[in-house]
Amino acid sequence: MTPHADPAAHADPQAGAAVKAADRAHVFHSWSAQGLIDPLAVAGAEGAYFWDYDGNRYLDFTSGLVYTNIGYQHPKVVAAIQEQAAKMTTFAPAFAIDVRSEAARLIAERTPGDLDKIFFTNGGAEAVENAARMARLHTGRPKIMSAYRSYHGATSTAINLTGDPRRWASDTATAGVVRFWAPFLYRSPFYAETEQQECERALQHLEDTIAFEGPTSIAAIILETVPGTAGIMVPPPGYLAGVREICDRYGIVFILDEVMAGFGRTGEWFAADHFDVVPDLLTFAKGVNSGYVPLGGVAISAEIAATFDKRPYPGGLTYSGHPLACAAAVATLQVMADEKVVENAAHLGENVLGPGLRELAERHPSVGEVRGLGVFWALDLVRNKETREPLVPYNATGEANAPMAAFGAAAKKHGLWPFINMNRTHAVPACTLTEAEAKEGLAALDAALAVADEYTEHAP
């Protein structure tokens, strides 16, 4: 939906300055050097857009942090939160509450296979934390395997399971984590030339790693079904099924992290549905209620749930299954069904975003590869298409990151708020995006990529 009011007509720079001053005086921001950041003061948001106090409107190609799957301020979800607040704002998790039970039922209806028990958390990191705990208790084994190209959250276990550089400062090297290379043909660690080779070699590498680590020491393998922040690398056909088979053979719990990829993002309710694979545990958050009130959880198989039938599960959270968050989830899932949001995401990916991004790649020397599903896409930006040298070095900062900074500034100048990570920009808008809005975003990307092109070896 397009904002009803013209942000420029309601600009209030003085109010924006006050918001910014209060932020700088008191708010401590995540993942940031506090003295080097300049947060945008946001005045409002609706649908796929948000705007600042100076009257500038941006098409949000980040969906917040890839969570506003139904866009900002959907009136039916806002009304459901208001109605629940009037009825019961909060209640302890040990009780049976109607809206909590209904949220769990609706989620279980959509999860693959027999993942019918739902443990609620406040977000994705806590979901991963508890999934890891469940796997270790269920198997009696200490180790968990995760991919180098991954992000699983910022709590203690989740950050150690993460592969990207945000882990480094918190890596204890004693967390029982074993990392491996998952498939990524464009930058193959296995020197593969085809998807089939990449799949076969990645599975052999995983099995070899298991053999040398000791299969009976490994509790779980955790994978993002489609890795998100690490680069939206859609796994090759057969890979996830192969991991499932390996896990079954060695009695290893298979955890799929769907915190970012779930609830319509890839054009299916869960990305696992694309690959016909059922994990033992599935973590979720973000899109379950579009982030309107913090909520996450673990969907649990019958076998693992049975482990705790007579044995207490040693974990819990004060706000587990918070009524306001669950009311938002119930309303969001109903909106997604009624308005065919998952189908819209699939349509956009197949007919608008996918073709449009590939057309940009043909014209821009800075675009090395386009990959994705639904409304979950990445553009891998390079200095040279033949060598595939990234446009900026791994984990670049400061002057080394200037090309990506220039690209980002150009995108914002053209009314698009981009998702940028290392040498990539991700196109991850709301699943409710219209075709017209998608084309608006593609046009802004086209203009911004012209700036990125200036940093390539093909630049004039």
# chains A, B, ... in the order shown; residues from 1 in each chain; ligands from 1
$ residues_around --residues "Asp453 (chain A)" --least-positions-apart "2" --cutoff "10 Å" --atoms "only C-alpha atoms" --output "list in words"
Arg363, His364, Pro365, Ser366, Val367, Leu381, Val382, Arg383, Asn384, Leu391, Pro403, Phe407, Ala448, Leu449, Ala450, Val451, Tyr455, Thr456, Glu457, His458, Ala459 and Pro460 of chain A
$ residues_around --residues "Val298 (chain A)" --least-positions-apart "5" --cutoff "7 Å" --atoms "only C-alpha atoms" --output "PDB file with N, CA, C and O atoms, in the first residue's frame"
ATOM      1  N   ILE A 118       5.086 -26.198  19.449  1.00  0.00           N
ATOM      2  CA  ILE A 118       5.726 -24.889  19.279  1.00  0.00           C
ATOM      3  C   ILE A 118       6.206 -24.370  20.632  1.00  0.00           C
ATOM      4  O   ILE A 118       5.410 -24.204  21.563  1.00  0.00           O
ATOM      5  N   PHE A 119       7.519 -24.114  20.714  1.00  0.00           N
ATOM      6  CA  PHE A 119       8.097 -23.447  21.882  1.00  0.00           C
ATOM      7  C   PHE A 119       8.334 -21.998  21.504  1.00  0.00           C
ATOM      8  O   PHE A 119       9.115 -21.702  20.587  1.00  0.00           O
ATOM      9  N   PHE A 120       7.659 -21.080  22.174  1.00  0.00           N
ATOM     10  CA  PHE A 120       7.749 -19.661  21.819  1.00  0.00           C
ATOM     11  C   PHE A 120       8.933 -18.983  22.502  1.00  0.00           C
ATOM     12  O   PHE A 120       9.230 -19.224  23.674  1.00  0.00           O
ATOM     13  N   ALA A 127      15.414 -18.582  19.663  1.00  0.00           N
ATOM     14  CA  ALA A 127      14.919 -19.808  19.046  1.00  0.00           C
ATOM     15  C   ALA A 127      16.077 -20.749  18.742  1.00  0.00           C
ATOM     16  O   ALA A 127      16.021 -21.954  19.032  1.00  0.00           O
ATOM     17  N   ALA A 131      16.809 -24.393  20.336  1.00  0.00           N
ATOM     18  CA  ALA A 131      16.895 -25.549  19.448  1.00  0.00           C
ATOM     19  C   ALA A 131      18.195 -26.313  19.694  1.00  0.00           C
ATOM     20  O   ALA A 131      18.211 -27.554  19.718  1.00  0.00           O
ATOM     21  N   LEU A 281      13.945 -29.973  13.942  1.00  0.00           N
ATOM     22  CA  LEU A 281      13.629 -28.715  14.620  1.00  0.00           C
ATOM     23  C   LEU A 281      13.681 -27.600  13.587  1.00  0.00           C
ATOM     24  O   LEU A 281      14.549 -27.614  12.700  1.00  0.00           O
ATOM     25  N   LEU A 282      12.778 -26.653  13.693  1.00  0.00           N
ATOM     26  CA  LEU A 282      12.744 -25.513  12.766  1.00  0.00           C
ATOM     27  C   LEU A 282      12.587 -24.249  13.587  1.00  0.00           C
ATOM     28  O   LEU A 282      11.647 -24.126  14.385  1.00  0.00           O
ATOM     29  N   THR A 283      13.529 -23.321  13.415  1.00  0.00           N
ATOM     30  CA  THR A 283      13.450 -22.056  14.142  1.00  0.00           C
ATOM     31  C   THR A 283      12.801 -20.987  13.276  1.00  0.00           C
ATOM     32  O   THR A 283      12.986 -20.958  12.059  1.00  0.00           O
ATOM     33  N   PHE A 284      12.025 -20.121  13.910  1.00  0.00           N
ATOM     34  CA  PHE A 284      11.332 -19.064  13.174  1.00  0.00           C
ATOM     35  C   PHE A 284      11.259 -17.807  14.035  1.00  0.00           C
ATOM     36  O   PHE A 284      11.467 -17.833  15.249  1.00  0.00           O
TER      37      PHE A 284
END
$ closest_atom_pairs --of "region 33-138 of chain A" --to "region 229-247 of chain A" --cutoff "12 Å" --atoms "only C-alpha atoms" --output "tab-separated table"
residue	atom	partner	partner_atom	distance
A:Thr62	CA	A:Thr229	CA	11.0
A:Leu65	CA	A:Thr229	CA	9.6
A:Val66	CA	A:Thr229	CA	9.3
$ residues_around --residues "Arg141 (chain A)" --least-positions-apart "6" --cutoff "6 Å" --atoms "only C-alpha atoms" --output "list in words"
Ser217, Ile218 and Ala219 of chain A
$ write_last_selection --atoms "C-alpha atoms" --output "PDB file, in the first residue's frame"
ATOM      1  CA  SER A 217      29.825 -36.652  19.365  1.00  0.00           C
ATOM      2  CA  ILE A 218      27.584 -34.581  17.092  1.00  0.00           C
ATOM      3  CA  ALA A 219      24.172 -33.542  18.386  1.00  0.00           C
TER       4      ALA A 219
END
$ select_by_dssp --residues "region 7-162 of chain A" --states "alpha helix (DSSP H)" --output "PyMOL selection string"
chain A and resi 13-26+63-66+75-87+98-110+124-139+156-161
$ residues_around --residues "Met404 (chain A)" --least-positions-apart "6" --cutoff "9 Å" --atoms "only C-alpha atoms" --output "PyMOL selection string"
chain A and resi 381+391-392+420-425+452
$ select_by_dssp --residues "region 133-349 of chain A" --states "strand (DSSP E or B)" --output "MDAnalysis selection string"
chainID A and resid 143:147 177:180 218:224 253:257 281:284 296:300
$ write_last_selection --atoms "C-alpha atoms" --output "PDB file, in the first residue's frame"
ATOM      1  CA  LYS A 143      28.816 -30.801  19.273  1.00  0.00           C
ATOM      2  CA  ILE A 144      26.758 -28.803  16.793  1.00  0.00           C
ATOM      3  CA  MET A 145      27.854 -28.252  13.197  1.00  0.00           C
ATOM      4  CA  SER A 146      27.162 -25.038  11.305  1.00  0.00           C
ATOM      5  CA  ALA A 147      28.197 -23.442   8.019  1.00  0.00           C
ATOM      6  CA  VAL A 177      30.733 -25.743  17.454  1.00  0.00           C
ATOM      7  CA  VAL A 178      32.229 -27.367  14.352  1.00  0.00           C
ATOM      8  CA  ARG A 179      32.051 -25.400  11.106  1.00  0.00           C
ATOM      9  CA  PHE A 180      31.942 -26.658   7.543  1.00  0.00           C
ATOM     10  CA  ILE A 218      27.584 -34.581  17.092  1.00  0.00           C
ATOM     11  CA  ALA A 219      24.172 -33.542  18.386  1.00  0.00           C
ATOM     12  CA  ALA A 220      22.951 -31.465  15.442  1.00  0.00           C
ATOM     13  CA  ILE A 221      23.626 -29.868  12.114  1.00  0.00           C
ATOM     14  CA  ILE A 222      22.082 -26.414  11.741  1.00  0.00           C
ATOM     15  CA  LEU A 223      21.597 -24.717   8.389  1.00  0.00           C
ATOM     16  CA  GLU A 224      19.676 -21.710   7.208  1.00  0.00           C
ATOM     17  CA  VAL A 253      19.336 -33.791  14.777  1.00  0.00           C
ATOM     18  CA  PHE A 254      18.697 -31.681  11.672  1.00  0.00           C
ATOM     19  CA  ILE A 255      17.857 -28.044  12.497  1.00  0.00           C
ATOM     20  CA  LEU A 256      16.665 -25.671   9.806  1.00  0.00           C
ATOM     21  CA  ASP A 257      16.893 -21.974  10.647  1.00  0.00           C
ATOM     22  CA  LEU A 281      13.629 -28.715  14.620  1.00  0.00           C
ATOM     23  CA  LEU A 282      12.744 -25.513  12.766  1.00  0.00           C
ATOM     24  CA  THR A 283      13.450 -22.056  14.142  1.00  0.00           C
ATOM     25  CA  PHE A 284      11.332 -19.064  13.174  1.00  0.00           C
ATOM     26  CA  GLY A 296      10.052 -16.281  17.653  1.00  0.00           C
ATOM     27  CA  GLY A 297      10.006 -19.962  18.323  1.00  0.00           C
ATOM     28  CA  VAL A 298      11.027 -23.536  17.685  1.00  0.00           C
ATOM     29  CA  ALA A 299       8.774 -25.995  15.872  1.00  0.00           C
ATOM     30  CA  ILE A 300       9.520 -29.426  17.335  1.00  0.00           C
TER      31      ILE A 300
END
$ atom_distance --atom1 "CA of Ala447 (chain A)" --atom2 "CA of Leu353 (chain A)"
16.0 Å
$ residues_around --residues "Ala21 (chain A)" --least-positions-apart "4" --cutoff "12 Å" --atoms "only C-alpha atoms" --output "PyMOL selection string"
chain A and resi 14-17+25-27+38-41
$ residues_around --residues "region 199-210 of chain A" --least-positions-apart "4" --cutoff "6 Å" --atoms "only C-alpha atoms" --output "mmCIF file with N, CA, C and O atoms, in the first residue's frame"
data_model
loop_
_atom_site.group_PDB
_atom_site.id
_atom_site.type_symbol
_atom_site.label_atom_id
_atom_site.label_comp_id
_atom_site.auth_asym_id
_atom_site.auth_seq_id
_atom_site.Cartn_x
_atom_site.Cartn_y
_atom_site.Cartn_z
ATOM 1 N N PRO A 183 27.292 -25.518 0.271
ATOM 2 C CA PRO A 183 27.451 -25.258 -1.166
ATOM 3 C C PRO A 183 27.197 -23.806 -1.537
ATOM 4 O O PRO A 183 26.310 -23.157 -0.994
ATOM 5 N N GLY A 214 33.859 -37.387 14.685
ATOM 6 C CA GLY A 214 33.256 -38.468 15.472
ATOM 7 C C GLY A 214 31.745 -38.352 15.447
ATOM 8 O O GLY A 214 31.188 -37.494 16.145
ATOM 9 N N PRO A 215 31.066 -39.162 14.656
ATOM 10 C CA PRO A 215 29.601 -39.045 14.517
ATOM 11 C C PRO A 215 28.852 -39.099 15.842
ATOM 12 O O PRO A 215 27.846 -38.408 16.018
ATOM 13 N N TYR A 239 20.772 -31.120 -2.121
ATOM 14 C CA TYR A 239 21.683 -30.908 -0.992
ATOM 15 C C TYR A 239 20.988 -31.099 0.355
ATOM 16 O O TYR A 239 21.458 -31.867 1.208
#
$ closest_residue --among "A:Gly163, A:Pro294, A:Gly153, A:Gly47" --to "Val128 (chain A)" --atoms "only C-alpha atoms"
A:Gly153
$ closest_residue --among "A:Glu437, A:Met88, A:His138, A:Pro429" --to "Ser63 (chain A)" --atoms "only C-alpha atoms"
A:Pro429
$ closest_residue --among "A:Ala96, A:Val77, A:Ala169, A:Ile159" --to "Tyr292 (chain A)" --atoms "only C-alpha atoms"
A:Val77
$ atom_distance --atom1 "CA of Val277 (chain A)" --atom2 "CA of Glu350 (chain A)"
21.9 Å
$ residues_around --residues "Glu440 (chain A)" --least-positions-apart "5" --cutoff "12 Å" --atoms "only C-alpha atoms" --output "PyMOL selection string"
chain A and resi 48-49+58-61+352-353+356+411+414-417+429+433-435+445-447
$ write_last_selection --atoms "N, CA and C atoms" --output "CSV table (one decimal), in the first residue's frame"
chain,number,residue,atom,x,y,z
A,48,ALA,N,5.1,-0.6,2.1
A,48,ALA,CA,6.5,-0.9,1.7
A,48,ALA,C,7.4,0.4,1.9
A,49,TYR,N,6.9,1.4,2.4
A,49,TYR,CA,7.6,2.7,2.5
A,49,TYR,C,7.8,3.2,3.9
A,58,TYR,N,11.2,6.7,1.3
A,58,TYR,CA,12.0,5.6,0.8
A,58,TYR,C,11.2,4.3,0.6
A,59,LEU,N,11.4,3.7,-0.5
A,59,LEU,CA,10.9,2.3,-0.7
A,59,LEU,C,11.9,1.4,0.0
A,60,ASP,N,11.3,0.7,1.0
A,60,ASP,CA,12.2,-0.1,1.9
A,60,ASP,C,12.5,-1.5,1.3
A,61,PHE,N,13.7,-1.7,0.7
A,61,PHE,CA,14.1,-2.9,0.2
A,61,PHE,C,14.8,-3.8,1.2
A,352,VAL,N,8.7,-10.8,-11.8
A,352,VAL,CA,9.0,-9.3,-11.8
A,352,VAL,C,10.5,-9.2,-11.3
A,353,LEU,N,10.7,-9.5,-10.0
A,353,LEU,CA,12.0,-9.3,-9.4
A,353,LEU,C,13.1,-10.1,-10.1
A,356,GLY,N,13.7,-9.0,-13.6
A,356,GLY,CA,14.2,-7.6,-13.6
A,356,GLY,C,15.6,-7.5,-13.1
A,411,ALA,N,21.5,4.8,-4.1
A,411,ALA,CA,20.2,4.2,-3.9
A,411,ALA,C,19.3,5.1,-3.1
A,414,HIS,N,17.9,8.0,-4.9
A,414,HIS,CA,16.8,7.7,-5.8
A,414,HIS,C,15.6,7.1,-5.1
A,415,GLY,N,15.5,7.3,-3.7
A,415,GLY,CA,14.3,6.9,-3.0
A,415,GLY,C,14.3,5.4,-2.6
A,416,LEU,N,15.4,4.7,-2.6
A,416,LEU,CA,15.4,3.3,-2.2
A,416,LEU,C,16.3,3.1,-1.0
A,417,TRP,N,15.8,2.4,0.0
A,417,TRP,CA,16.6,2.1,1.1
A,417,TRP,C,17.2,0.7,0.9
A,429,PRO,N,12.2,-6.9,-0.2
A,429,PRO,CA,11.1,-6.0,0.2
A,429,PRO,C,10.0,-6.8,0.9
A,433,LEU,N,4.5,-6.4,-1.6
A,433,LEU,CA,4.9,-5.4,-2.6
A,433,LEU,C,4.1,-5.6,-3.9
A,434,THR,N,3.7,-4.5,-4.5
A,434,THR,CA,3.0,-4.5,-5.8
A,434,THR,C,4.0,-4.6,-6.9
A,435,GLU,N,3.5,-4.9,-8.1
A,435,GLU,CA,4.4,-4.9,-9.3
A,435,GLU,C,4.9,-3.5,-9.6
A,445,LEU,N,17.5,0.8,-8.3
A,445,LEU,CA,18.7,-0.1,-8.3
A,445,LEU,C,19.5,0.2,-9.6
A,446,ASP,N,18.8,0.3,-10.7
A,446,ASP,CA,19.5,0.6,-12.0
A,446,ASP,C,20.4,1.8,-11.9
A,447,ALA,N,19.8,2.9,-11.3
A,447,ALA,CA,20.6,4.1,-11.2
A,447,ALA,C,21.8,4.0,-10.2
$ closest_residue --among "A:Thr172, A:Thr266, A:Thr318, A:Thr397" --to "Ala92 (chain A)" --atoms "only C-alpha atoms"
A:Thr318
